[in-house]
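Student: Structure below; questions to follow.
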Amino acid sequence: MGNQGVQQEQLNRSMKRRHLFMLSLGGVIGTGLFLNAGYTINQAGAGGALIGYIFGGIILYLVMVCLGELAVYMPVTGSFQTYASKFINPSAGFSLGWMYFIGSATTAGVEFTAAGIIMKRWFPDVSVWVWCAVFILLLFLLNALTTRGFAEAEYWFSGIKVVAVIFFIIIGVGAIIGIIPLEDRPAPLLQNLAPTSLFPAGIAILFVTMMNVIFSYQGSELIGIAAGESEEPQKNIPRAIRNVLFRIIVFYLASIIILSAIFPTKELGLLESPFVTLMDLAGIPFAPDIMNFVILTAILSVGNSCIYASTRLLWAMSHDGMAPKVFGKLSKRKVPFTALVFTMIFSLLSLLTSVLAADTVFVLLMSIAGISVTISWIGIALSQFMFRRKYLQQGGKLEDLQYRVPFYPLIPLICIVCCVSILIFLAFDPTQLIGLLIGLGFLLICYLSFYFKNRVSGTTNVQSPSQVDSDFSQKH
């Protein structure tokens, strides 16, 4: 293929720093916060939820710094799938890529299901699956536009979400201390956070609900995938990681404390967003409907981000010989259109709400997505561990790394141990054991099938990713 042909197959670096920041931040503020936070508190209690989100935030930090070192050194669209292929082995990259694709594409189905649940406030007689179908079509059309158009839309969607969360925190603090009266209850102060109310179901339930927490934090790794389409990744990725981590953890912890202080644990469930309920109780004119609209926007925004991540990952894998070549074709607008269509098929899982209860479908898809992202995080940490070791072995100097993981090798090793521990605890939860076995079974099948395929064909490696020079020596 000539230079012109190569150029036609490349994605555009059209994302600016503000796009990268808002994309990664907005990818996390959605169903995990607005719906799942109340569910997690309901299951684990206020204390269990706080500990869970703090622990999950620590794991998120470990993952992000590992991803940051890799993404700054090697800013490619394939991201952690490419890193696993190069620094662990190709079979690991193949397995990790398809595992994350399934998780991310399934998460889009979760978001569409959640959006349908949200719409029940305004249209109680319309089935959830109808709204799922409408939103699937809407986001398909949005993703078929240029990357710049997608990034610009996500920038404004994320901005709306951030403003809404800050507004909620202000209203919540006012309600807790009595400045803003609540309709049917006195100012709660911190009574619901009394020690006897923190762990109503015991400590053990915390380990089961950790999958909900991991699912909530999913999406922050979009920084790595978007690196291949961002301007000046060496400067913008470290900034985005620092800013996103701080804001995500603050937003989640502040929201958990406010919800736990205002609502008794038994009131917090799944189908009604506690954020909207608080606005109802506060009696602010039009605020509940405005907040409901914002939450709907937030949920669709996360679904949009998941579709973006899945299509770009599929595109990158096709160029590495790990997915059918047809997924590597770009439209005139530089969008992986065939990969987009294939990704949207997984969103159709949300239409299961036509035959199953919406909350059942929501929890099922959330579990699948959470397990997938946990395995992906393990792959990111292991890739960084192997990268640094090979980098030093081949004469690389630490001072030449523009962004590096502190306290190596402790950071990646601790991250791996934490993620593996979460998966082990899932084995003791009958409701999530099936999902865990399916996830691990899928991972093993992917690994072995790719390994034996290469062995039979007599190849020991796959073609190096087209966008990056794989030889360390050419980096120096």
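Labeling convention for the structure tokens: chains A, B, ... as they appear, residues from 1 per chain, ligands from 1 in order of appearance.
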For Ile414 (chain A), list every protein, DNA or RNA residue within 12 Å, evaluated using only C-alpha atoms, and leave out those in the same chain fewer than 2 positions away; present the list as an MDAnalysis selection string.
Tutor: chainID A and resid 58:63 66 377:378 381:382 385 407:412 416:421
Student: Would you save the residues from that selection as a PDB file, in the first residue's frame, using N, CA and C atoms?
Tutor:
ATOM      1  N   ILE A  58      -8.715   4.059  44.968  1.00  0.00           N
ATOM      2  CA  ILE A  58      -7.288   3.738  45.061  1.00  0.00           C
ATOM      3  C   ILE A  58      -6.871   2.835  43.896  1.00  0.00           C
ATOM      4  N   ILE A  59      -7.705   1.823  43.612  1.00  0.00           N
ATOM      5  CA  ILE A  59      -7.400   0.939  42.482  1.00  0.00           C
ATOM      6  C   ILE A  59      -7.411   1.733  41.181  1.00  0.00           C
ATOM      7  N   LEU A  60      -8.379   2.646  41.057  1.00  0.00           N
ATOM      8  CA  LEU A  60      -8.458   3.480  39.858  1.00  0.00           C
ATOM      9  C   LEU A  60      -7.184   4.292  39.680  1.00  0.00           C
ATOM     10  N   TYR A  61      -6.666   4.837  40.771  1.00  0.00           N
ATOM     11  CA  TYR A  61      -5.410   5.599  40.694  1.00  0.00           C
ATOM     12  C   TYR A  61      -4.272   4.707  40.207  1.00  0.00           C
ATOM     13  N   LEU A  62      -4.179   3.509  40.765  1.00  0.00           N
ATOM     14  CA  LEU A  62      -3.110   2.587  40.377  1.00  0.00           C
ATOM     15  C   LEU A  62      -3.192   2.255  38.885  1.00  0.00           C
ATOM     16  N   VAL A  63      -4.411   2.000  38.415  1.00  0.00           N
ATOM     17  CA  VAL A  63      -4.597   1.669  36.999  1.00  0.00           C
ATOM     18  C   VAL A  63      -4.221   2.850  36.112  1.00  0.00           C
ATOM     19  N   CYS A  66      -0.506   3.571  35.742  1.00  0.00           N
ATOM     20  CA  CYS A  66       0.101   2.551  34.877  1.00  0.00           C
ATOM     21  C   CYS A  66      -0.233   2.826  33.415  1.00  0.00           C
ATOM     22  N   TRP A 377      -8.217  -4.119  33.688  1.00  0.00           N
ATOM     23  CA  TRP A 377      -7.327  -3.358  34.579  1.00  0.00           C
ATOM     24  C   TRP A 377      -6.119  -4.197  34.974  1.00  0.00           C
ATOM     25  N   ILE A 378      -6.337  -5.484  35.196  1.00  0.00           N
ATOM     26  CA  ILE A 378      -5.212  -6.381  35.490  1.00  0.00           C
ATOM     27  C   ILE A 378      -4.236  -6.371  34.314  1.00  0.00           C
ATOM     28  N   ALA A 381      -2.104  -3.105  34.250  1.00  0.00           N
ATOM     29  CA  ALA A 381      -1.042  -3.100  35.260  1.00  0.00           C
ATOM     30  C   ALA A 381       0.081  -4.057  34.884  1.00  0.00           C
ATOM     31  N   LEU A 382      -0.265  -5.242  34.393  1.00  0.00           N
ATOM     32  CA  LEU A 382       0.756  -6.219  34.007  1.00  0.00           C
ATOM     33  C   LEU A 382       1.540  -5.722  32.792  1.00  0.00           C
ATOM     34  N   PHE A 385       4.076  -3.251  34.040  1.00  0.00           N
ATOM     35  CA  PHE A 385       5.141  -3.962  34.754  1.00  0.00           C
ATOM     36  C   PHE A 385       6.142  -4.550  33.768  1.00  0.00           C
ATOM     37  N   PHE A 407       7.199   4.495  42.544  1.00  0.00           N
ATOM     38  CA  PHE A 407       7.323   3.307  43.404  1.00  0.00           C
ATOM     39  C   PHE A 407       7.202   1.988  42.624  1.00  0.00           C
ATOM     40  N   TYR A 408       7.711   2.005  41.392  1.00  0.00           N
ATOM     41  CA  TYR A 408       7.741   0.761  40.620  1.00  0.00           C
ATOM     42  C   TYR A 408       8.669  -0.226  41.313  1.00  0.00           C
ATOM     43  N   PRO A 409       8.343  -1.523  41.427  1.00  0.00           N
ATOM     44  CA  PRO A 409       7.196  -2.226  40.827  1.00  0.00           C
ATOM     45  C   PRO A 409       5.998  -2.371  41.755  1.00  0.00           C
ATOM     46  N   LEU A 410       5.991  -1.685  42.908  1.00  0.00           N
ATOM     47  CA  LEU A 410       4.911  -1.870  43.877  1.00  0.00           C
ATOM     48  C   LEU A 410       3.549  -1.496  43.300  1.00  0.00           C
ATOM     49  N   ILE A 411       3.477  -0.361  42.588  1.00  0.00           N
ATOM     50  CA  ILE A 411       2.187   0.124  42.085  1.00  0.00           C
ATOM     51  C   ILE A 411       1.497  -0.910  41.192  1.00  0.00           C
ATOM     52  N   PRO A 412       2.133  -1.399  40.119  1.00  0.00           N
ATOM     53  CA  PRO A 412       1.440  -2.385  39.281  1.00  0.00           C
ATOM     54  C   PRO A 412       1.142  -3.690  40.010  1.00  0.00           C
ATOM     55  N   ILE A 416      -2.583  -5.352  40.585  1.00  0.00           N
ATOM     56  CA  ILE A 416      -2.927  -6.706  40.150  1.00  0.00           C
ATOM     57  C   ILE A 416      -3.528  -7.515  41.298  1.00  0.00           C
ATOM     58  N   VAL A 417      -2.905  -7.440  42.472  1.00  0.00           N
ATOM     59  CA  VAL A 417      -3.385  -8.189  43.636  1.00  0.00           C
ATOM     60  C   VAL A 417      -4.791  -7.745  44.024  1.00  0.00           C
ATOM     61  N   CYS A 418      -5.051  -6.443  44.027  1.00  0.00           N
ATOM     62  CA  CYS A 418      -6.368  -5.920  44.399  1.00  0.00           C
ATOM     63  C   CYS A 418      -7.443  -6.396  43.429  1.00  0.00           C
ATOM     64  N   CYS A 419      -7.167  -6.304  42.148  1.00  0.00           N
ATOM     65  CA  CYS A 419      -8.159  -6.707  41.141  1.00  0.00           C
ATOM     66  C   CYS A 419      -8.420  -8.214  41.184  1.00  0.00           C
ATOM     67  N   VAL A 420      -7.367  -8.997  41.342  1.00  0.00           N
ATOM     68  CA  VAL A 420      -7.543 -10.450  41.437  1.00  0.00           C
ATOM     69  C   VAL A 420      -8.357 -10.807  42.678  1.00  0.00           C
ATOM     70  N   SER A 421      -8.114 -10.102  43.786  1.00  0.00           N
ATOM     71  CA  SER A 421      -8.852 -10.358  45.031  1.00  0.00           C
ATOM     72  C   SER A 421     -10.341 -10.116  44.840  1.00  0.00           C
TER      73      SER A 421
END
Student: Which parts of region 158-344 of chain A does DSSP call alpha helix (DSSP H) when run on the backbone here, written out as JSON, numbers by chain?
Tutor: {"A": [158, 159, 160, 161, 162, 163, 164, 165, 166, 167, 168, 169, 170, 171, 172, 173, 174, 175, 176, 177, 195, 196, 197, 198, 205, 206, 207, 208, 209, 210, 211, 212, 213, 214, 215, 216, 217, 222, 223, 224, 225, 226, 233, 234, 235, 236, 237, 238, 239, 240, 241, 242, 243, 244, 245, 246, 247, 248, 249, 250, 251, 252, 253, 254, 255, 256, 257, 258, 259, 260, 261, 262, 274, 275, 276, 277, 278, 279, 280, 281, 282, 287, 288, 289, 290, 291, 292, 293, 294, 295, 296, 297, 298, 299, 300, 301, 302, 303, 304, 305, 306, 307, 308, 309, 310, 311, 312, 313, 314, 315, 316, 317, 318, 319, 337, 338, 339, 340, 341, 342, 343, 344]}
Student: Please determine, counting only C-alpha atoms, which residue among A:Leu437, A:Ile160, A:Pro238, A:Asn89 has the shortest atom-to-atom distance to Val405 (chain A).
Tutor: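 Of all the options, A:Pro238 lies closest to Val405 (chain A).
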Student: With only C-alpha atoms as the counted atoms, please give the residues lying no more than 7 Å from Phe346 (chain A), apart from itself and same-chain residues fewer than 5 positions off, as a ChimeraX atom specification.
Tutor: /A:105-106,109
Student: Can I get the selected residues back with C-alpha atoms, as a compact mmCIF listing (two decimals), in the first residue's frame?
Tutor:
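Resulting contents of out_16.txt:
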# COMPACT_ATOMS: atom_id res chain seq x y z
CA ALA A 105 -20.05 -2.68 24.28
CA THR A 106 -22.19 -4.36 26.95
CA GLY A 109 -26.51 -1.76 26.71
Student: Near Phe101 (chain A), within 10 Å and counting only C-alpha atoms, which residues show up once chain neighbours fewer than 3 positions away are dropped, as a CSV table (one decimal) with N, CA, C and O atoms, in the first residue's frame?
Tutor:
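The resulting result13.csv:
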chain,number,residue,atom,x,y,z
A,81,GLN,N,-4.8,-2.9,24.7
A,81,GLN,CA,-4.7,-4.1,23.9
A,81,GLN,C,-3.4,-4.2,23.2
A,81,GLN,O,-2.7,-5.2,23.1
A,95,SER,N,-6.7,-11.5,23.9
A,95,SER,CA,-7.7,-11.8,24.9
A,95,SER,C,-8.2,-10.6,25.6
A,95,SER,O,-9.4,-10.4,25.8
A,96,LEU,N,-7.3,-9.7,25.9
A,96,LEU,CA,-7.6,-8.5,26.6
A,96,LEU,C,-8.4,-7.5,25.8
A,96,LEU,O,-9.4,-6.9,26.2
A,97,GLY,N,-8.1,-7.5,24.5
A,97,GLY,CA,-8.8,-6.6,23.6
A,97,GLY,C,-10.2,-7.0,23.4
A,97,GLY,O,-11.2,-6.2,23.5
A,98,TRP,N,-10.5,-8.3,23.2
A,98,TRP,CA,-11.8,-8.8,23.0
A,98,TRP,C,-12.6,-8.7,24.3
A,98,TRP,O,-13.8,-8.5,24.3
A,104,SER,N,-17.1,-3.1,27.3
A,104,SER,CA,-17.5,-1.8,26.9
A,104,SER,C,-18.7,-1.7,26.1
A,104,SER,O,-19.6,-0.9,26.3
A,105,ALA,N,-18.9,-2.6,25.1
A,105,ALA,CA,-20.1,-2.7,24.3
A,105,ALA,C,-21.3,-3.1,25.1
A,105,ALA,O,-22.4,-2.5,24.9
A,106,THR,N,-21.1,-4.0,26.1
A,106,THR,CA,-22.2,-4.4,26.9
A,106,THR,C,-22.6,-3.2,27.8
A,106,THR,O,-23.8,-3.0,28.1
A,107,THR,N,-21.6,-2.4,28.3
A,107,THR,CA,-21.9,-1.2,29.1
A,107,THR,C,-22.9,-0.3,28.4
A,107,THR,O,-23.7,0.3,29.0
A,306,CYS,N,-18.7,4.7,25.5
A,306,CYS,CA,-18.5,3.2,25.4
A,306,CYS,C,-18.5,2.8,24.0
A,306,CYS,O,-17.7,1.9,23.5
A,307,ILE,N,-19.4,3.3,23.2
A,307,ILE,CA,-19.5,3.0,21.8
A,307,ILE,C,-18.2,3.5,21.0
A,307,ILE,O,-17.6,2.8,20.2
A,309,ALA,N,-15.2,3.9,22.4
A,309,ALA,CA,-14.1,3.1,22.8
A,309,ALA,C,-14.1,1.7,22.1
A,309,ALA,O,-13.1,1.2,21.7
A,310,SER,N,-15.3,1.1,22.0
A,310,SER,CA,-15.4,-0.2,21.4
A,310,SER,C,-15.1,-0.2,19.9
A,310,SER,O,-14.3,-1.0,19.5
A,311,THR,N,-15.6,0.8,19.2
A,311,THR,CA,-15.3,0.9,17.8
A,311,THR,C,-13.8,1.2,17.5
A,311,THR,O,-13.2,0.6,16.6
A,312,ARG,N,-13.2,2.1,18.3
A,312,ARG,CA,-11.8,2.3,18.1
A,312,ARG,C,-10.9,1.1,18.4
A,312,ARG,O,-9.9,0.9,17.8
A,313,LEU,N,-11.3,0.4,19.5
A,313,LEU,CA,-10.5,-0.8,19.8
A,313,LEU,C,-10.6,-1.8,18.8
A,313,LEU,O,-9.6,-2.5,18.4
A,314,LEU,N,-11.8,-2.0,18.3
A,314,LEU,CA,-12.0,-3.0,17.2
A,314,LEU,C,-11.2,-2.6,15.9
A,314,LEU,O,-10.7,-3.5,15.3
A,343,THR,N,-20.5,-3.0,16.9
A,343,THR,CA,-20.6,-2.6,18.3
A,343,THR,C,-22.0,-2.4,18.7
A,343,THR,O,-22.4,-2.8,19.8
A,346,PHE,N,-24.3,-5.2,20.2
A,346,PHE,CA,-24.3,-5.5,21.6
A,346,PHE,C,-25.2,-4.6,22.4
A,346,PHE,O,-25.7,-5.0,23.4
A,369,ALA,N,-20.2,-6.3,32.5
A,369,ALA,CA,-19.3,-5.2,32.2
A,369,ALA,C,-18.3,-5.0,33.3
A,369,ALA,O,-17.1,-4.8,33.1
A,372,SER,N,-15.5,-7.7,33.1
A,372,SER,CA,-14.7,-7.4,32.0
A,372,SER,C,-13.6,-6.3,32.2
A,372,SER,O,-12.5,-6.4,31.9
A,373,VAL,N,-14.1,-5.2,32.9
A,373,VAL,CA,-13.2,-4.1,33.1
A,373,VAL,C,-12.2,-4.4,34.2
A,373,VAL,O,-11.0,-4.0,34.1
A,376,SER,N,-9.5,-6.3,32.5
A,376,SER,CA,-8.8,-5.3,31.6
A,376,SER,C,-7.8,-4.5,32.5
A,376,SER,O,-6.7,-4.2,32.1
Student: Nearest residue to Ile248 (chain A) out of A:Tyr53, A:Phe428, A:Phe337, A:Phe157, using only C-alpha atoms?
Tutor: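 Ranked by minimum distance to Ile248 (chain A), first place goes to A:Tyr53.
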Student: With only C-alpha atoms as the counted atoms, please give the residues lying no more than 12 Å from Pro324 (chain A), apart from itself and same-chain residues fewer than 4 positions off, as a list of chain:residue names.
Tutor: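 Once the adjacent positions are removed, what remains is A:Leu314, A:Trp315, A:Ala316, A:Met317, A:Ser318, A:His319, A:Asp320, A:Gly328, A:Lys329, A:Thr338, A:Ala339, A:Phe342.
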Student: Limited to N, CA and C atoms, could you put the picked residues into a file as a CSV table (one decimal), in the first residue's frame?
Tutor:
chain,number,residue,atom,x,y,z
A,314,LEU,N,-11.8,-2.0,18.3
A,314,LEU,CA,-12.0,-3.0,17.2
A,314,LEU,C,-11.2,-2.6,15.9
A,315,TRP,N,-11.2,-1.3,15.6
A,315,TRP,CA,-10.5,-0.8,14.5
A,315,TRP,C,-9.0,-1.1,14.6
A,316,ALA,N,-8.4,-0.9,15.8
A,316,ALA,CA,-7.0,-1.1,16.1
A,316,ALA,C,-6.7,-2.6,16.0
A,317,MET,N,-7.6,-3.4,16.6
A,317,MET,CA,-7.3,-4.9,16.6
A,317,MET,C,-7.3,-5.4,15.2
A,318,SER,N,-8.2,-4.9,14.3
A,318,SER,CA,-8.2,-5.3,12.9
A,318,SER,C,-6.9,-5.1,12.2
A,319,HIS,N,-6.2,-4.0,12.5
A,319,HIS,CA,-4.9,-3.6,11.9
A,319,HIS,C,-3.8,-4.4,12.5
A,320,ASP,N,-4.0,-5.0,13.7
A,320,ASP,CA,-3.0,-5.9,14.3
A,320,ASP,C,-3.2,-7.4,14.0
A,328,GLY,N,-11.4,-2.6,10.0
A,328,GLY,CA,-10.4,-1.6,9.8
A,328,GLY,C,-10.7,-0.6,8.8
A,329,LYS,N,-11.8,-0.7,8.1
A,329,LYS,CA,-12.2,0.2,7.1
A,329,LYS,C,-12.8,1.5,7.7
A,338,THR,N,-17.9,0.0,9.9
A,338,THR,CA,-18.3,-1.4,10.1
A,338,THR,C,-18.1,-1.8,11.5
A,339,ALA,N,-17.0,-1.3,12.2
A,339,ALA,CA,-16.8,-1.6,13.6
A,339,ALA,C,-17.9,-1.0,14.4
A,342,PHE,N,-21.0,-3.2,14.2
A,342,PHE,CA,-20.9,-4.5,15.0
A,342,PHE,C,-21.0,-4.2,16.5
Student: Pick out the closest residue to Met279 (chain A) from this set: A:Val250, A:Leu137, A:Leu351, A:Ile169. Count only C-alpha atoms.
Tutor: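 Checking each of A:Val250, A:Leu137, A:Leu351, A:Ile169 against Met279 (chain A), counting only C-alpha atoms, the winner is A:Ile169.
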Student: For Tyr100 (chain A), which residue out of A:Phe87, A:Phe442, A:Tyr403, A:Phe167 is the nearest one, using only C-alpha atoms?
Tutor: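 Closest candidate: A:Phe442.
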Student: What's around Ser91 (chain A) at 7 Å? Count only C-alpha atoms, leave out sequence neighbours fewer than 3 positions away in its own chain, and write the answer as a PDB file with N, CA and C atoms, in the first residue's frame.
Tutor:
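Saved file selection.pdb follows:
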ATOM      1  N   SER A  85      -0.175  -6.845  23.879  1.00  0.00           N
ATOM      2  CA  SER A  85       0.394  -7.629  22.778  1.00  0.00           C
ATOM      3  C   SER A  85       1.906  -7.495  22.733  1.00  0.00           C
ATOM      4  N   PHE A  94      -4.692 -10.160  22.422  1.00  0.00           N
ATOM      5  CA  PHE A  94      -5.918 -10.591  21.752  1.00  0.00           C
ATOM      6  C   PHE A  94      -7.035 -10.803  22.774  1.00  0.00           C
ATOM      7  N   SER A  95      -6.718 -11.513  23.854  1.00  0.00           N
ATOM      8  CA  SER A  95      -7.714 -11.819  24.885  1.00  0.00           C
ATOM      9  C   SER A  95      -8.199 -10.550  25.571  1.00  0.00           C
ATOM     10  N   TYR A 447      -7.579 -16.678  24.685  1.00  0.00           N
ATOM     11  CA  TYR A 447      -6.124 -16.839  24.814  1.00  0.00           C
ATOM     12  C   TYR A 447      -5.653 -18.101  24.104  1.00  0.00           C
ATOM     13  N   PHE A 450      -6.109 -18.119  20.123  1.00  0.00           N
ATOM     14  CA  PHE A 450      -5.132 -17.310  19.405  1.00  0.00           C
ATOM     15  C   PHE A 450      -3.737 -17.915  19.503  1.00  0.00           C
ATOM     16  N   TYR A 451      -3.425 -18.474  20.671  1.00  0.00           N
ATOM     17  CA  TYR A 451      -2.104 -19.088  20.868  1.00  0.00           C
ATOM     18  C   TYR A 451      -1.916 -20.269  19.914  1.00  0.00           C
TER      19      TYR A 451
END
Student: Just want the 12 Å neighbourhood of Thr113 (chain A), counted on only C-alpha atoms, with same-chain residues fewer than 5 positions away dropped. Output as an NGL selection string.
Tutor: :A and (31 or 35 or 106-108 or 118-120 or 127-136 or 271 or 296 or 299-300 or 303 or 347-354 or 356-366)
Student: Can you spit out the residues from that selection as a compact mmCIF listing (two decimals), in the first residue's frame, using N, CA and C atoms?
Tutor:
# COMPACT_ATOMS: atom_id res chain seq x y z
N THR A 31 -24.44 6.29 34.77
CA THR A 31 -25.24 5.33 35.50
C THR A 31 -24.58 4.94 36.82
N LEU A 35 -27.48 6.25 39.27
CA LEU A 35 -28.36 5.14 39.64
C LEU A 35 -27.67 4.13 40.54
N THR A 106 -21.08 -3.98 26.07
CA THR A 106 -22.19 -4.36 26.95
C THR A 106 -22.60 -3.20 27.84
N THR A 107 -21.62 -2.41 28.27
CA THR A 107 -21.93 -1.24 29.10
C THR A 107 -22.86 -0.29 28.36
N ALA A 108 -22.68 -0.18 27.06
CA ALA A 108 -23.61 0.66 26.28
C ALA A 108 -25.04 0.14 26.45
N ILE A 118 -35.08 5.77 33.31
CA ILE A 118 -35.22 7.19 33.61
C ILE A 118 -36.45 7.78 32.92
N MET A 119 -36.71 7.36 31.70
CA MET A 119 -37.83 7.90 30.93
C MET A 119 -39.18 7.53 31.52
N LYS A 120 -39.21 6.52 32.39
CA LYS A 120 -40.47 6.11 33.02
C LYS A 120 -41.07 7.24 33.86
N SER A 127 -43.05 1.20 27.33
CA SER A 127 -42.11 0.16 27.74
C SER A 127 -40.66 0.65 27.64
N VAL A 128 -39.83 0.13 28.53
CA VAL A 128 -38.42 0.54 28.57
C VAL A 128 -37.72 0.21 27.25
N TRP A 129 -38.04 -0.93 26.65
CA TRP A 129 -37.33 -1.37 25.44
C TRP A 129 -37.57 -0.40 24.28
N VAL A 130 -38.71 0.28 24.27
CA VAL A 130 -38.98 1.24 23.20
C VAL A 130 -37.97 2.38 23.26
N TRP A 131 -37.73 2.89 24.47
CA TRP A 131 -36.75 3.97 24.63
C TRP A 131 -35.34 3.48 24.32
N CYS A 132 -35.06 2.22 24.67
CA CYS A 132 -33.75 1.66 24.34
C CYS A 132 -33.51 1.72 22.83
N ALA A 133 -34.52 1.34 22.07
CA ALA A 133 -34.39 1.34 20.61
C ALA A 133 -34.19 2.76 20.07
N VAL A 134 -34.92 3.72 20.64
CA VAL A 134 -34.80 5.11 20.19
C VAL A 134 -33.39 5.63 20.45
N PHE A 135 -32.86 5.35 21.64
CA PHE A 135 -31.54 5.88 21.99
C PHE A 135 -30.42 5.16 21.24
N ILE A 136 -30.60 3.89 20.94
CA ILE A 136 -29.62 3.17 20.13
C ILE A 136 -29.48 3.84 18.76
N LEU A 271 -34.52 1.65 40.87
CA LEU A 271 -35.31 2.19 39.78
C LEU A 271 -35.56 3.70 39.88
N LEU A 296 -30.43 11.76 32.33
CA LEU A 296 -30.62 11.10 31.04
C LEU A 296 -29.48 11.45 30.09
N ILE A 299 -26.29 9.62 31.21
CA ILE A 299 -26.32 8.20 30.91
C ILE A 299 -26.04 7.95 29.42
N LEU A 300 -26.69 8.73 28.57
CA LEU A 300 -26.46 8.59 27.14
C LEU A 300 -25.04 8.98 26.76
N GLY A 303 -22.90 6.00 27.48
CA GLY A 303 -23.13 5.03 26.42
C GLY A 303 -22.42 5.43 25.14
N SER A 347 -25.49 -3.45 21.87
CA SER A 347 -26.44 -2.56 22.54
C SER A 347 -27.85 -3.13 22.50
N LEU A 348 -28.10 -4.01 21.56
CA LEU A 348 -29.42 -4.62 21.45
C LEU A 348 -29.75 -5.51 22.65
N LEU A 349 -28.71 -5.83 23.45
CA LEU A 349 -28.97 -6.60 24.68
C LEU A 349 -29.92 -5.85 25.59
N SER A 350 -29.92 -4.52 25.49
CA SER A 350 -30.81 -3.72 26.33
C SER A 350 -32.28 -3.99 25.99
N LEU A 351 -32.54 -4.51 24.78
CA LEU A 351 -33.92 -4.80 24.39
C LEU A 351 -34.48 -6.02 25.12
N LEU A 352 -33.62 -6.69 25.91
CA LEU A 352 -34.11 -7.79 26.75
C LEU A 352 -35.15 -7.32 27.74
N THR A 353 -35.21 -5.99 27.95
CA THR A 353 -36.22 -5.45 28.87
C THR A 353 -37.63 -5.67 28.34
N SER A 354 -37.75 -6.10 27.08
CA SER A 354 -39.07 -6.40 26.54
C SER A 354 -39.60 -7.73 27.08
N LEU A 356 -37.76 -9.30 30.06
CA LEU A 356 -37.33 -9.41 31.45
C LEU A 356 -37.52 -8.08 32.16
N ALA A 357 -37.58 -8.11 33.49
CA ALA A 357 -37.71 -6.88 34.26
C ALA A 357 -36.50 -6.00 34.02
N ALA A 358 -36.72 -4.70 33.92
CA ALA A 358 -35.64 -3.76 33.60
C ALA A 358 -34.51 -3.82 34.62
N ASP A 359 -34.87 -3.93 35.92
CA ASP A 359 -33.82 -3.95 36.94
C ASP A 359 -33.00 -5.24 36.85
N THR A 360 -33.63 -6.36 36.44
CA THR A 360 -32.90 -7.63 36.28
C THR A 360 -31.88 -7.51 35.14
N VAL A 361 -32.30 -6.95 34.01
CA VAL A 361 -31.40 -6.76 32.87
C VAL A 361 -30.26 -5.82 33.25
N PHE A 362 -30.59 -4.76 33.97
CA PHE A 362 -29.59 -3.77 34.39
C PHE A 362 -28.49 -4.43 35.22
N VAL A 363 -28.86 -5.18 36.24
CA VAL A 363 -27.88 -5.81 37.14
C VAL A 363 -27.07 -6.87 36.39
N LEU A 364 -27.72 -7.62 35.50
CA LEU A 364 -27.02 -8.66 34.74
C LEU A 364 -25.95 -8.06 33.84
N LEU A 365 -26.32 -7.05 33.05
CA LEU A 365 -25.36 -6.43 32.15
C LEU A 365 -24.26 -5.71 32.92
N MET A 366 -24.63 -5.09 34.05
CA MET A 366 -23.64 -4.39 34.87
C MET A 366 -22.59 -5.36 35.40
Student: Under the rule that only C-alpha atoms are counted, which of A:Gly56, A:Gly48, A:Pro75, A:Gly370 is the nearest residue to Gln432 (chain A)?
Tutor: A:Gly370
Student: Just how far from CA of Ile241 (chain A) is CA of Gln394 (chain A), in Å to one decimal?
Tutor: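 These atoms are spaced 27.7 Å apart.
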Student: At what distance in Å, to one decimal, does CA of Val173 (chain A) lie from CA of Pro288 (chain A)?
Tutor: 17.0 Å
